[in-house]
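final.cif follows (mmCIF, C-alpha atoms and all ligand atoms):
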```
data_final
#
loop_
_atom_site.label_atom_id
_atom_site.label_comp_id
_atom_site.auth_asym_id
_atom_site.auth_seq_id
_atom_site.Cartn_x
_atom_site.Cartn_y
_atom_site.Cartn_z
CA MET F 1 -23.31 36.77 8.58
CA ARG F 2 -22.37 34.58 11.52
CA LEU F 3 -23.39 36.77 14.43
CA SER F 4 -24.43 35.07 17.63
CA PRO F 5 -28.14 35.50 18.59
CA ALA F 6 -27.73 38.20 21.27
CA ILE F 7 -25.60 40.30 18.90
CA GLN F 8 -27.96 39.72 15.99
CA GLU F 9 -30.95 40.78 18.11
CA LEU F 10 -29.17 43.99 19.14
CA VAL F 11 -28.45 44.80 15.48
CA GLN F 12 -32.12 44.20 14.61
CA ALA F 13 -33.37 46.27 17.56
CA LEU F 14 -31.12 49.21 16.66
CA ARG F 15 -32.62 49.17 13.17
CA LEU F 16 -35.92 50.24 14.72
CA LEU F 17 -34.36 53.68 15.18
CA PRO F 18 -35.18 56.12 12.37
CA GLY F 19 -32.35 56.55 9.87
CA VAL F 20 -30.42 53.49 11.04
CA GLY F 21 -29.71 50.96 8.28
CA PRO F 22 -28.13 47.50 8.57
CA LYS F 23 -24.55 48.77 8.29
CA SER F 24 -24.98 51.51 10.92
CA ALA F 25 -26.80 49.13 13.26
CA GLN F 26 -23.90 46.71 13.01
CA ARG F 27 -21.38 49.47 13.59
CA MET F 28 -23.32 50.70 16.64
CA THR F 29 -23.55 47.17 18.02
CA PHE F 30 -19.83 46.52 17.78
CA GLN F 31 -18.92 49.92 19.20
CA LEU F 32 -21.25 49.44 22.16
CA LEU F 33 -20.00 45.93 22.91
CA GLU F 34 -16.32 46.66 22.32
CA ARG F 35 -15.96 50.04 23.94
CA GLN F 36 -19.16 51.35 25.51
CA ARG F 37 -20.79 48.70 27.64
CA GLU F 38 -21.60 51.22 30.35
CA GLY F 39 -23.08 53.48 27.72
CA ALA F 40 -25.19 50.60 26.42
CA LEU F 41 -26.59 49.99 29.90
CA ARG F 42 -27.21 53.71 30.35
CA LEU F 43 -29.14 53.74 27.08
CA ALA F 44 -31.14 50.66 28.11
CA GLN F 45 -32.05 52.37 31.38
CA ALA F 46 -32.94 55.65 29.66
CA LEU F 47 -35.23 53.80 27.25
CA THR F 48 -36.97 51.88 30.03
CA ASP F 49 -37.34 54.97 32.22
CA ALA F 50 -38.68 57.11 29.41
CA VAL F 51 -41.22 54.51 28.27
CA GLU F 52 -42.32 53.98 31.86
CA LYS F 53 -42.54 57.60 32.98
CA VAL F 54 -43.26 59.76 29.94
CA GLY F 55 -46.88 60.45 29.20
CA HIS F 56 -48.73 63.50 27.96
CA CYS F 57 -49.14 66.94 29.53
CA ASN F 58 -52.70 67.23 30.81
CA GLN F 59 -52.94 70.73 29.32
CA CYS F 60 -51.15 70.67 25.96
CA ARG F 61 -50.70 66.93 25.30
CA THR F 62 -46.96 67.21 24.66
CA LEU F 63 -44.65 64.41 25.83
CA THR F 64 -43.54 64.87 29.43
CA GLU F 65 -43.24 62.83 32.61
CA GLU F 66 -44.88 65.64 34.56
CA GLN F 67 -48.63 66.05 34.99
CA THR F 68 -48.36 69.52 33.50
CA CYS F 69 -45.37 70.42 31.34
CA ALA F 70 -43.02 73.29 32.22
CA ILE F 71 -44.49 75.59 29.57
CA CYS F 72 -48.10 75.03 30.59
CA ALA F 73 -47.14 75.45 34.25
CA ASP F 74 -45.64 78.88 33.52
CA ALA F 75 -48.24 81.46 34.65
CA LYS F 76 -46.69 84.21 32.52
CA ARG F 77 -47.11 82.12 29.40
CA ARG F 78 -50.65 81.08 30.31
CA ASP F 79 -51.56 84.73 30.93
CA SER F 80 -50.37 85.67 27.43
CA GLY F 81 -53.70 84.40 26.08
CA LEU F 82 -51.83 82.95 23.09
CA LEU F 83 -52.28 79.29 22.15
CA CYS F 84 -50.14 77.90 19.36
CA ILE F 85 -51.33 74.67 17.74
CA VAL F 86 -48.60 72.32 16.50
CA GLU F 87 -48.50 68.74 15.30
CA THR F 88 -45.62 67.34 17.38
CA PRO F 89 -43.42 67.96 20.45
CA ALA F 90 -40.50 68.46 18.04
CA ASP F 91 -42.37 71.45 16.59
CA VAL F 92 -42.61 72.95 20.10
CA LEU F 93 -38.83 72.65 20.44
CA ALA F 94 -38.24 74.20 17.05
CA ILE F 95 -40.46 77.18 17.90
CA GLU F 96 -38.95 77.55 21.39
CA GLN F 97 -35.53 77.81 19.78
CA THR F 98 -36.56 80.91 17.83
CA GLY F 99 -37.11 82.65 21.19
CA GLN F 100 -39.87 84.69 19.53
CA TYR F 101 -42.94 83.13 21.09
CA GLN F 102 -43.97 83.52 24.71
CA GLY F 103 -47.40 81.88 24.74
CA CYS F 104 -48.65 78.35 25.30
CA TYR F 105 -48.98 75.38 22.95
CA PHE F 106 -51.44 72.69 22.12
CA VAL F 107 -49.81 69.62 20.62
CA LEU F 108 -52.01 67.53 18.35
CA MET F 109 -49.60 64.56 18.26
CA GLY F 110 -50.55 64.19 14.60
CA HIS F 111 -52.99 65.69 12.12
CA LEU F 112 -56.43 64.92 10.73
CA SER F 113 -56.21 62.05 8.28
CA PRO F 114 -59.63 60.55 7.53
CA LEU F 115 -58.15 57.91 5.22
CA ASP F 116 -56.07 56.58 8.13
CA GLY F 117 -59.05 56.81 10.45
CA ILE F 118 -57.57 59.73 12.37
CA GLY F 119 -60.44 62.03 13.33
CA PRO F 120 -60.78 65.12 15.57
CA GLU F 121 -60.79 63.25 18.90
CA ASP F 122 -57.67 61.28 17.97
CA ILE F 123 -55.74 64.55 17.84
CA GLY F 124 -57.35 65.95 21.00
CA LEU F 125 -59.68 68.45 19.37
CA ASP F 126 -62.39 67.65 21.94
CA VAL F 127 -59.93 68.68 24.66
CA LEU F 128 -58.97 71.77 22.65
CA ALA F 129 -62.63 72.73 22.20
CA LYS F 130 -63.14 72.55 25.97
CA ARG F 131 -60.08 74.70 26.58
CA LEU F 132 -61.24 77.30 24.05
CA GLN F 133 -64.54 77.45 25.88
CA GLN F 134 -63.25 77.55 29.45
CA GLU F 135 -60.06 79.60 29.24
CA ALA F 136 -59.37 83.21 28.38
CA ILE F 137 -57.65 82.49 25.09
CA GLU F 138 -57.28 85.59 22.94
CA GLU F 139 -55.60 84.16 19.90
CA VAL F 140 -55.13 80.72 18.41
CA ILE F 141 -52.01 80.53 16.26
CA LEU F 142 -52.14 77.69 13.76
CA ALA F 143 -48.65 76.25 13.24
CA THR F 144 -49.50 72.89 11.74
CA ASN F 145 -47.27 71.79 8.86
CA PRO F 146 -47.91 73.38 5.44
CA THR F 147 -48.88 70.00 4.00
CA VAL F 148 -52.31 68.92 2.74
CA GLU F 149 -53.19 67.28 6.08
CA GLY F 150 -51.68 70.12 8.10
CA GLU F 151 -53.73 72.70 6.16
CA ALA F 152 -56.92 70.66 6.53
CA THR F 153 -56.29 70.38 10.26
CA ALA F 154 -55.66 74.13 10.48
CA HIS F 155 -58.95 74.84 8.70
CA PHE F 156 -60.83 72.55 11.03
CA ILE F 157 -59.38 74.29 14.11
CA ALA F 158 -59.99 77.74 12.60
CA ASP F 159 -63.68 76.80 12.35
CA LEU F 160 -63.63 75.65 15.97
CA ALA F 161 -62.10 78.95 17.11
CA ARG F 162 -64.49 81.00 14.96
CA SER F 163 -67.47 79.36 16.68
CA ARG F 164 -66.03 80.72 19.97
CA ASN F 165 -65.22 84.12 18.44
CA ILE F 166 -61.52 83.70 19.12
CA ARG F 167 -59.02 85.48 16.90
CA THR F 168 -57.19 82.93 14.77
CA SER F 169 -53.95 83.29 12.83
CA ARG F 170 -51.84 81.04 10.62
CA ILE F 171 -48.05 81.34 10.73
CA ALA F 172 -46.76 82.94 7.55
CA HIS F 173 -45.65 80.71 4.73
CA GLY F 174 -42.01 81.52 5.07
CA VAL F 175 -41.68 77.81 5.66
CA PRO F 176 -41.24 75.82 2.43
CA VAL F 177 -44.55 74.31 1.30
CA GLY F 178 -44.57 70.53 1.57
CA GLY F 179 -41.79 70.68 4.14
CA GLU F 180 -41.74 69.67 7.77
CA LEU F 181 -41.78 72.39 10.37
CA GLU F 182 -39.32 70.55 12.54
CA TYR F 183 -36.54 71.01 9.97
CA VAL F 184 -36.97 74.71 9.18
CA ASP F 185 -34.09 76.95 10.27
CA GLN F 186 -34.69 79.28 13.22
CA ALA F 187 -34.62 82.52 11.22
CA THR F 188 -37.28 81.37 8.76
CA LEU F 189 -39.42 80.01 11.53
CA GLY F 190 -39.09 83.22 13.55
CA HIS F 191 -40.09 85.19 10.45
CA ALA F 192 -43.09 82.96 9.95
CA PHE F 193 -44.18 83.76 13.48
CA SER F 194 -43.79 87.52 13.32
CA GLY F 195 -45.50 87.62 9.90
CA ARG F 196 -48.51 85.56 10.92
CA LYS F 197 -51.82 86.65 9.37
CA VAL F 198 -55.18 86.98 11.11
CA ILE F 199 -57.70 84.63 9.52
CA ASP F 200 -60.76 86.60 8.45
CA HIS F 201 -63.81 84.86 9.84
CA ASN F 202 -65.94 86.01 6.91
CA MET B 1 -35.00 73.42 25.11
CA ARG B 2 -37.64 72.53 27.68
CA LEU B 3 -37.53 68.75 27.60
CA SER B 4 -38.45 66.95 30.80
CA PRO B 5 -35.59 65.05 32.51
CA ALA B 6 -36.48 61.51 31.33
CA ILE B 7 -36.77 62.70 27.74
CA GLN B 8 -33.57 64.74 27.97
CA GLU B 9 -31.68 61.74 29.37
CA LEU B 10 -32.90 59.54 26.49
CA VAL B 11 -31.71 62.14 23.96
CA GLN B 12 -28.30 62.26 25.68
CA ALA B 13 -28.01 58.47 25.89
CA LEU B 14 -28.86 58.05 22.19
CA ARG B 15 -26.03 60.46 21.36
CA LEU B 16 -23.60 57.82 22.66
CA LEU B 17 -24.33 55.89 19.46
CA PRO B 18 -21.79 56.51 16.69
CA GLY B 19 -23.02 58.92 14.03
CA VAL B 20 -25.96 60.21 16.09
CA GLY B 21 -25.95 63.99 16.56
CA PRO B 22 -28.27 66.11 18.71
CA LYS B 23 -30.93 66.48 16.02
CA SER B 24 -31.07 62.75 15.18
CA ALA B 25 -31.11 61.83 18.87
CA GLN B 26 -34.08 64.11 19.39
CA ARG B 27 -35.85 62.69 16.35
CA MET B 28 -35.22 59.12 17.56
CA THR B 29 -36.49 59.99 21.03
CA PHE B 30 -39.76 61.45 19.80
CA GLN B 31 -40.35 58.63 17.35
CA LEU B 32 -39.76 56.00 20.03
CA LEU B 33 -42.02 57.72 22.56
CA GLU B 34 -44.76 58.67 20.12
CA ARG B 35 -44.98 55.56 18.00
CA GLN B 36 -42.59 52.79 19.06
CA ARG B 37 -42.77 52.22 22.78
CA GLU B 38 -42.67 48.47 22.34
CA GLY B 39 -39.66 48.88 20.07
CA ALA B 40 -37.97 51.02 22.71
CA LEU B 41 -38.45 48.29 25.33
CA ARG B 42 -37.21 45.67 22.87
CA LEU B 43 -34.08 47.76 22.28
CA ALA B 44 -33.55 48.21 26.03
CA GLN B 45 -33.81 44.45 26.51
CA ALA B 46 -31.47 43.72 23.59
CA LEU B 47 -28.87 46.11 25.00
CA THR B 48 -29.07 44.60 28.48
CA ASP B 49 -28.96 41.02 27.17
CA ALA B 50 -26.03 41.68 24.87
CA VAL B 51 -23.97 43.44 27.54
CA GLU B 52 -24.76 40.65 30.00
CA LYS B 53 -24.17 37.68 27.71
CA VAL B 54 -21.68 38.65 25.05
CA GLY B 55 -18.05 37.97 25.79
CA HIS B 56 -15.16 36.78 23.67
CA CYS B 57 -14.64 33.50 21.83
CA ASN B 58 -12.06 31.44 23.72
CA GLN B 59 -10.35 30.61 20.43
CA CYS B 60 -10.42 33.73 18.25
CA ARG B 61 -11.46 36.47 20.70
CA THR B 62 -14.35 37.70 18.55
CA LEU B 63 -17.53 38.93 20.22
CA THR B 64 -19.97 36.10 20.92
CA GLU B 65 -22.13 34.82 23.75
CA GLU B 66 -20.88 31.31 23.11
CA GLN B 67 -17.73 29.82 24.63
CA THR B 68 -16.45 29.09 21.14
CA CYS B 69 -17.86 31.00 18.18
CA ALA B 70 -19.55 29.25 15.25
CA ILE B 71 -16.54 29.68 12.96
CA CYS B 72 -14.01 28.34 15.44
CA ALA B 73 -16.36 25.45 16.24
CA ASP B 74 -16.47 24.44 12.56
CA ALA B 75 -14.07 21.46 12.16
CA LYS B 76 -13.80 21.96 8.40
CA ARG B 77 -12.59 25.51 8.89
CA ARG B 78 -10.17 24.52 11.67
CA ASP B 79 -8.76 21.77 9.46
CA SER B 80 -8.01 24.29 6.71
CA GLY B 81 -4.86 25.29 8.59
CA LEU B 82 -5.52 28.93 7.64
CA LEU B 83 -5.62 31.62 10.31
CA CYS B 84 -6.59 35.13 9.28
CA ILE B 85 -5.67 37.94 11.66
CA VAL B 86 -8.06 40.90 11.77
CA GLU B 87 -8.52 43.88 14.04
CA THR B 88 -12.25 43.71 14.74
CA PRO B 89 -15.34 41.47 14.61
CA ALA B 90 -16.69 43.77 11.89
CA ASP B 91 -13.69 42.79 9.74
CA VAL B 92 -14.64 39.12 10.16
CA LEU B 93 -18.14 39.92 8.87
CA ALA B 94 -16.77 41.87 5.93
CA ILE B 95 -14.48 38.99 4.93
CA GLU B 96 -17.23 36.38 5.45
CA GLN B 97 -19.41 38.33 3.05
CA THR B 98 -16.88 37.89 0.24
CA GLY B 99 -17.47 34.12 0.53
CA GLN B 100 -13.84 33.62 -0.57
CA TYR B 101 -12.27 32.53 2.69
CA GLN B 102 -12.87 29.19 4.40
CA GLY B 103 -10.32 29.27 7.23
CA CYS B 104 -10.37 30.53 10.80
CA TYR B 105 -9.80 33.97 12.30
CA PHE B 106 -7.97 35.57 15.15
CA VAL B 107 -9.50 38.88 16.22
CA LEU B 108 -7.11 41.32 17.86
CA MET B 109 -9.90 43.63 19.09
CA GLY B 110 -7.57 46.53 18.24
CA HIS B 111 -4.01 47.06 17.07
CA LEU B 112 -0.63 47.77 18.61
CA SER B 113 -0.46 51.38 19.73
CA PRO B 114 2.46 52.02 22.09
CA LEU B 115 1.51 55.70 22.51
CA ASP B 116 -1.88 54.63 23.89
CA GLY B 117 -0.25 51.95 26.02
CA ILE B 118 -1.65 49.12 23.90
CA GLY B 119 0.98 46.38 23.77
CA PRO B 120 1.07 42.80 22.43
CA GLU B 121 -0.82 41.22 25.34
CA ASP B 122 -3.62 43.80 25.12
CA ILE B 123 -4.42 42.51 21.64
CA GLY B 124 -4.06 38.85 22.59
CA LEU B 125 -0.71 38.16 20.95
CA ASP B 126 0.30 35.94 23.88
CA VAL B 127 -2.76 33.79 23.14
CA LEU B 128 -1.94 33.86 19.43
CA ALA B 129 1.68 32.80 20.09
CA LYS B 130 0.41 29.80 22.06
CA ARG B 131 -1.98 28.83 19.26
CA LEU B 132 0.79 29.09 16.66
CA GLN B 133 2.88 26.76 18.77
CA GLN B 134 0.21 24.21 19.64
CA GLU B 135 -1.94 23.99 16.53
CA ALA B 136 -1.26 22.80 13.01
CA ILE B 137 -1.48 26.22 11.42
CA GLU B 138 -0.09 26.26 7.89
CA GLU B 139 -0.56 29.87 6.98
CA VAL B 140 -1.16 33.10 8.84
CA ILE B 141 -2.98 35.66 6.71
CA LEU B 142 -2.47 39.21 7.93
CA ALA B 143 -5.62 41.25 7.30
CA THR B 144 -5.06 44.14 9.69
CA ASN B 145 -6.01 47.56 8.35
CA PRO B 146 -3.57 49.23 5.92
CA THR B 147 -2.94 52.04 8.40
CA VAL B 148 0.31 52.81 10.23
CA GLU B 149 -0.81 50.90 13.34
CA GLY B 150 -2.26 48.06 11.30
CA GLU B 151 0.98 47.66 9.33
CA ALA B 152 3.08 47.75 12.51
CA THR B 153 0.83 45.11 14.05
CA ALA B 154 1.12 42.96 10.89
CA HIS B 155 4.92 43.18 11.03
CA PHE B 156 4.95 42.18 14.66
CA ILE B 157 2.79 39.12 13.97
CA ALA B 158 4.84 38.22 10.88
CA ASP B 159 7.91 38.05 13.13
CA LEU B 160 6.00 35.86 15.56
CA ALA B 161 5.00 33.47 12.76
CA ARG B 162 8.50 33.43 11.29
CA SER B 163 9.92 32.28 14.63
CA ARG B 164 7.58 29.28 14.31
CA ASN B 165 8.38 28.77 10.62
CA ILE B 166 4.79 29.35 9.62
CA ARG B 167 4.02 30.69 6.17
CA THR B 168 2.75 34.24 6.45
CA SER B 169 0.88 36.37 3.93
CA ARG B 170 -0.52 39.88 3.81
CA ILE B 171 -3.78 40.52 1.95
CA ALA B 172 -3.14 42.48 -1.25
CA HIS B 173 -3.43 46.23 -1.18
CA GLY B 174 -6.51 46.36 -3.28
CA VAL B 175 -7.93 48.08 -0.23
CA PRO B 176 -7.40 51.85 -0.22
CA VAL B 177 -4.44 52.80 1.95
CA GLY B 178 -5.45 54.71 5.06
CA GLY B 179 -8.97 53.29 4.84
CA GLU B 180 -10.81 50.97 7.16
CA LEU B 181 -11.23 47.35 6.11
CA GLU B 182 -14.77 47.26 7.41
CA TYR B 183 -15.94 49.70 4.72
CA VAL B 184 -14.31 48.16 1.66
CA ASP B 185 -16.71 46.75 -0.94
CA GLN B 186 -16.91 42.95 -1.28
CA ALA B 187 -15.29 42.74 -4.73
CA THR B 188 -12.21 44.70 -3.67
CA LEU B 189 -11.89 42.73 -0.48
CA GLY B 190 -12.27 39.41 -2.31
CA HIS B 191 -9.59 40.53 -4.76
CA ALA B 192 -7.31 41.48 -1.89
CA PHE B 193 -7.70 37.95 -0.55
CA SER B 194 -7.04 36.07 -3.77
CA GLY B 195 -4.05 38.33 -4.54
CA ARG B 196 -2.42 37.94 -1.14
CA LYS B 197 1.40 37.78 -1.19
CA VAL B 198 3.61 35.42 0.82
CA ILE B 199 5.89 37.39 3.13
CA ASP B 200 9.50 36.42 2.45
CA HIS B 201 11.09 35.56 5.78
CA ASN B 202 14.45 36.77 4.57
ZN ZN I 1 -48.17 71.28 28.49
ZN ZN I 2 -13.96 32.11 17.50
#
```

Please express what this file holds, its structure, as structure tokens.
Amino acid sequence: MRLSPAIQELVQALRLLPGVGPKSAQRMTFQLLERQREGALRLAQALTDAVEKVGHCNQCRTLTEEQTCAICADAKRRDSGLLCIVETPADVLAIEQTGQYQGCYFVLMGHLSPLDGIGPEDIGLDVLAKRLQQEAIEEVILATNPTVEGEATAHFIADLARSRNIRTSRIAHGVPVGGELEYVDQATLGHAFSGRKVIDHN
Amino acid sequence: MRLSPAIQELVQALRLLPGVGPKSAQRMTFQLLERQREGALRLAQALTDAVEKVGHCNQCRTLTEEQTCAICADAKRRDSGLLCIVETPADVLAIEQTGQYQGCYFVLMGHLSPLDGIGPEDIGLDVLAKRLQQEAIEEVILATNPTVEGEATAHFIADLARSRNIRTSRIAHGVPVGGELEYVDQATLGHAFSGRKVIDHN
């Protein structure tokens, strides 16, 4: 491999992207430099802008460059009294695409994982607890992934909601166990929403 | 899809990369913003640097930020008298990886394609003609892709070499016809090199 340093560095940097191996990174590099130099600069600008501007919604913690994201700012959705708890912004998108849910979200940006040192405050559960106390939330819908960590996180939040006497439900296990919510097809995910079960507090 | 503008733009810009669809672009975006912000800035810098610095080798036309690329600058390779003609810098890499070729390259950065308005000068054949005249080149090895355009380009260059009485060979068709040289495995490509046939000028 006799690539000059600037080309080699671009190949290496592209490999930081998920799913991009050495061969794809090389192919991307050559295509950008041979035929898409404007596109390369547009991508560079988009990366810089996003890193600079995008933070977290002050209500739901999802990624956004606004103080409050579009969903949280929607009075109709806030008034629904529904709060759906998900692990990632990608999960919000997946659920939005079903068109079956009209409430708000709370995005954990992860899940409880004591072995990795990820405790309740790392996934915003202190913020969530405050919201459950201060707002008129009628139902908490637990839509964490059906994995060991996702289930443990759901249980923890169910306890939190129970202590505030808030109805709590878990989306139905139409989603394949061990899978990632983000990759479930819309029909299955919609079904999981409509078939959600109230968690009995006793 | 309720992504904020900076996030949406990053998803769109990532889709400029070959092989990246909407779902991968979204996945890349979230991963960069959630867990790899430094990586995102490194990629932005690498893109900007490469676009700014990388041009073409003044000898072989390959992509490089140097005036003369490392291969062309290597006296031992220049003295070999061998000049291998390829379509892209990726083809140079593929051939280098066989370890079977110790000569120089000339990179067309494309192929003849009259329907797309791509003529001899667009792929540097005027520069090549000058090199064939001025340098002590003993053999031109045609390693353009075994596609219709690649074959037509090879024929054109064979005529050019014949007019200078330079021995001309075509790499053997161990490579699958209709395929792209860049994706051929090393063994096949090495075989194609060692089995190259001299083009009879009559
Ligand atoms: Zn929000
Ligand atoms: Zn060169």

Pull out every residue of chain F that has at least one atom within 8 Å of chain B, counting all atoms listed in the file, and report them as a JSON list (two decimals) with C-alpha atoms, in the frame of the given file.
```
[["chain", "number", "residue", "atom", "x", "y", "z"],
["F", 1, "MET", "CA", -23.31, 36.77, 8.58],
["F", 2, "ARG", "CA", -22.37, 34.58, 11.52],
["F", 3, "LEU", "CA", -23.39, 36.77, 14.43],
["F", 4, "SER", "CA", -24.43, 35.07, 17.63],
["F", 5, "PRO", "CA", -28.14, 35.50, 18.59],
["F", 6, "ALA", "CA", -27.73, 38.20, 21.27],
["F", 7, "ILE", "CA", -25.60, 40.30, 18.90],
["F", 9, "GLU", "CA", -30.95, 40.78, 18.11],
["F", 10, "LEU", "CA", -29.17, 43.99, 19.14],
["F", 13, "ALA", "CA", -33.37, 46.27, 17.56],
["F", 14, "LEU", "CA", -31.12, 49.21, 16.66],
["F", 16, "LEU", "CA", -35.92, 50.24, 14.72],
["F", 17, "LEU", "CA", -34.36, 53.68, 15.18],
["F", 18, "PRO", "CA", -35.18, 56.12, 12.37],
["F", 26, "GLN", "CA", -23.90, 46.71, 13.01],
["F", 27, "ARG", "CA", -21.38, 49.47, 13.59],
["F", 28, "MET", "CA", -23.32, 50.70, 16.64],
["F", 30, "PHE", "CA", -19.83, 46.52, 17.78],
["F", 31, "GLN", "CA", -18.92, 49.92, 19.20],
["F", 32, "LEU", "CA", -21.25, 49.44, 22.16],
["F", 33, "LEU", "CA", -20.00, 45.93, 22.91],
["F", 34, "GLU", "CA", -16.32, 46.66, 22.32],
["F", 37, "ARG", "CA", -20.79, 48.70, 27.64],
["F", 39, "GLY", "CA", -23.08, 53.48, 27.72],
["F", 40, "ALA", "CA", -25.19, 50.60, 26.42],
["F", 41, "LEU", "CA", -26.59, 49.99, 29.90],
["F", 42, "ARG", "CA", -27.21, 53.71, 30.35],
["F", 43, "LEU", "CA", -29.14, 53.74, 27.08],
["F", 44, "ALA", "CA", -31.14, 50.66, 28.11],
["F", 45, "GLN", "CA", -32.05, 52.37, 31.38],
["F", 46, "ALA", "CA", -32.94, 55.65, 29.66],
["F", 47, "LEU", "CA", -35.23, 53.80, 27.25],
["F", 48, "THR", "CA", -36.97, 51.88, 30.03],
["F", 49, "ASP", "CA", -37.34, 54.97, 32.22],
["F", 50, "ALA", "CA", -38.68, 57.11, 29.41],
["F", 51, "VAL", "CA", -41.22, 54.51, 28.27],
["F", 53, "LYS", "CA", -42.54, 57.60, 32.98],
["F", 54, "VAL", "CA", -43.26, 59.76, 29.94],
["F", 63, "LEU", "CA", -44.65, 64.41, 25.83],
["F", 64, "THR", "CA", -43.54, 64.87, 29.43],
["F", 65, "GLU", "CA", -43.24, 62.83, 32.61],
["F", 66, "GLU", "CA", -44.88, 65.64, 34.56],
["F", 69, "CYS", "CA", -45.37, 70.42, 31.34],
["F", 70, "ALA", "CA", -43.02, 73.29, 32.22],
["F", 71, "ILE", "CA", -44.49, 75.59, 29.57],
["F", 89, "PRO", "CA", -43.42, 67.96, 20.45],
["F", 90, "ALA", "CA", -40.50, 68.46, 18.04],
["F", 93, "LEU", "CA", -38.83, 72.65, 20.44],
["F", 96, "GLU", "CA", -38.95, 77.55, 21.39],
["F", 97, "GLN", "CA", -35.53, 77.81, 19.78],
["F", 109, "MET", "CA", -49.60, 64.56, 18.26]]
```

Subject >> Selection near stretch 111-120 of chain B, 7 Å with all atoms listed in the file, sequence-local residues under 6 positions removed, as a list in words >> reply: Glu87, Glu149, Gly150 and Thr153 of chain B

Subject >> Distance in Å - atom CA of B:Thr188 versus atom CA of B:Ala143 >> reply: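 Spanning atom CA of B:Thr188 to atom CA of B:Ala143 is a straight-line distance of 13.3 Å.
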
Original post:
Would you name the residues within 8 Å of ligand ZN 1 (chain I), counting only C-alpha atoms and all ligand atoms, and put them as a PyMOL selection string?
Top reply: chain F and resi 56-62+64+68-73+104-106

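Closest to ligand ZN 2 (chain I) among B:Cys84, B:Ile199, B:Leu181, B:Ala152 is B:Cys84, based on all atoms listed in the file.
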
Original post:
With all atoms listed in the file as the basis for distance, which of B:Val107, B:Ala172, B:Ala75, B:Leu82 is at the shortest distance from ligand ZN 2 (chain I)?
Top reply: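 Of all the options, B:Val107 lies closest to ligand ZN 2 (chain I).
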
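Note that atom CA of B:Ile157 and atom CA of B:Asp126 are 10.7 Å apart.
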
Original post:
How many Å lie between atom CA of B:Arg77 and atom CA of B:Glu139, rounded to one decimal?
Top reply: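 Atom CA of B:Glu139 lies at a distance of 12.9 Å from atom CA of B:Arg77.
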
Subject >> Nearest to ligand ZN 2 (chain I), chosen from B:Gly103, B:Gly190, B:Gly21, B:Gly81, with only C-alpha atoms and all ligand atoms counted in the distances >> reply: B:Gly103

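Each of B:Ala161, B:Leu142, B:Thr147, B:Leu108 was checked against B:Ala129 using all atoms listed in the file; the smallest atom-to-atom distance is that of B:Ala161.
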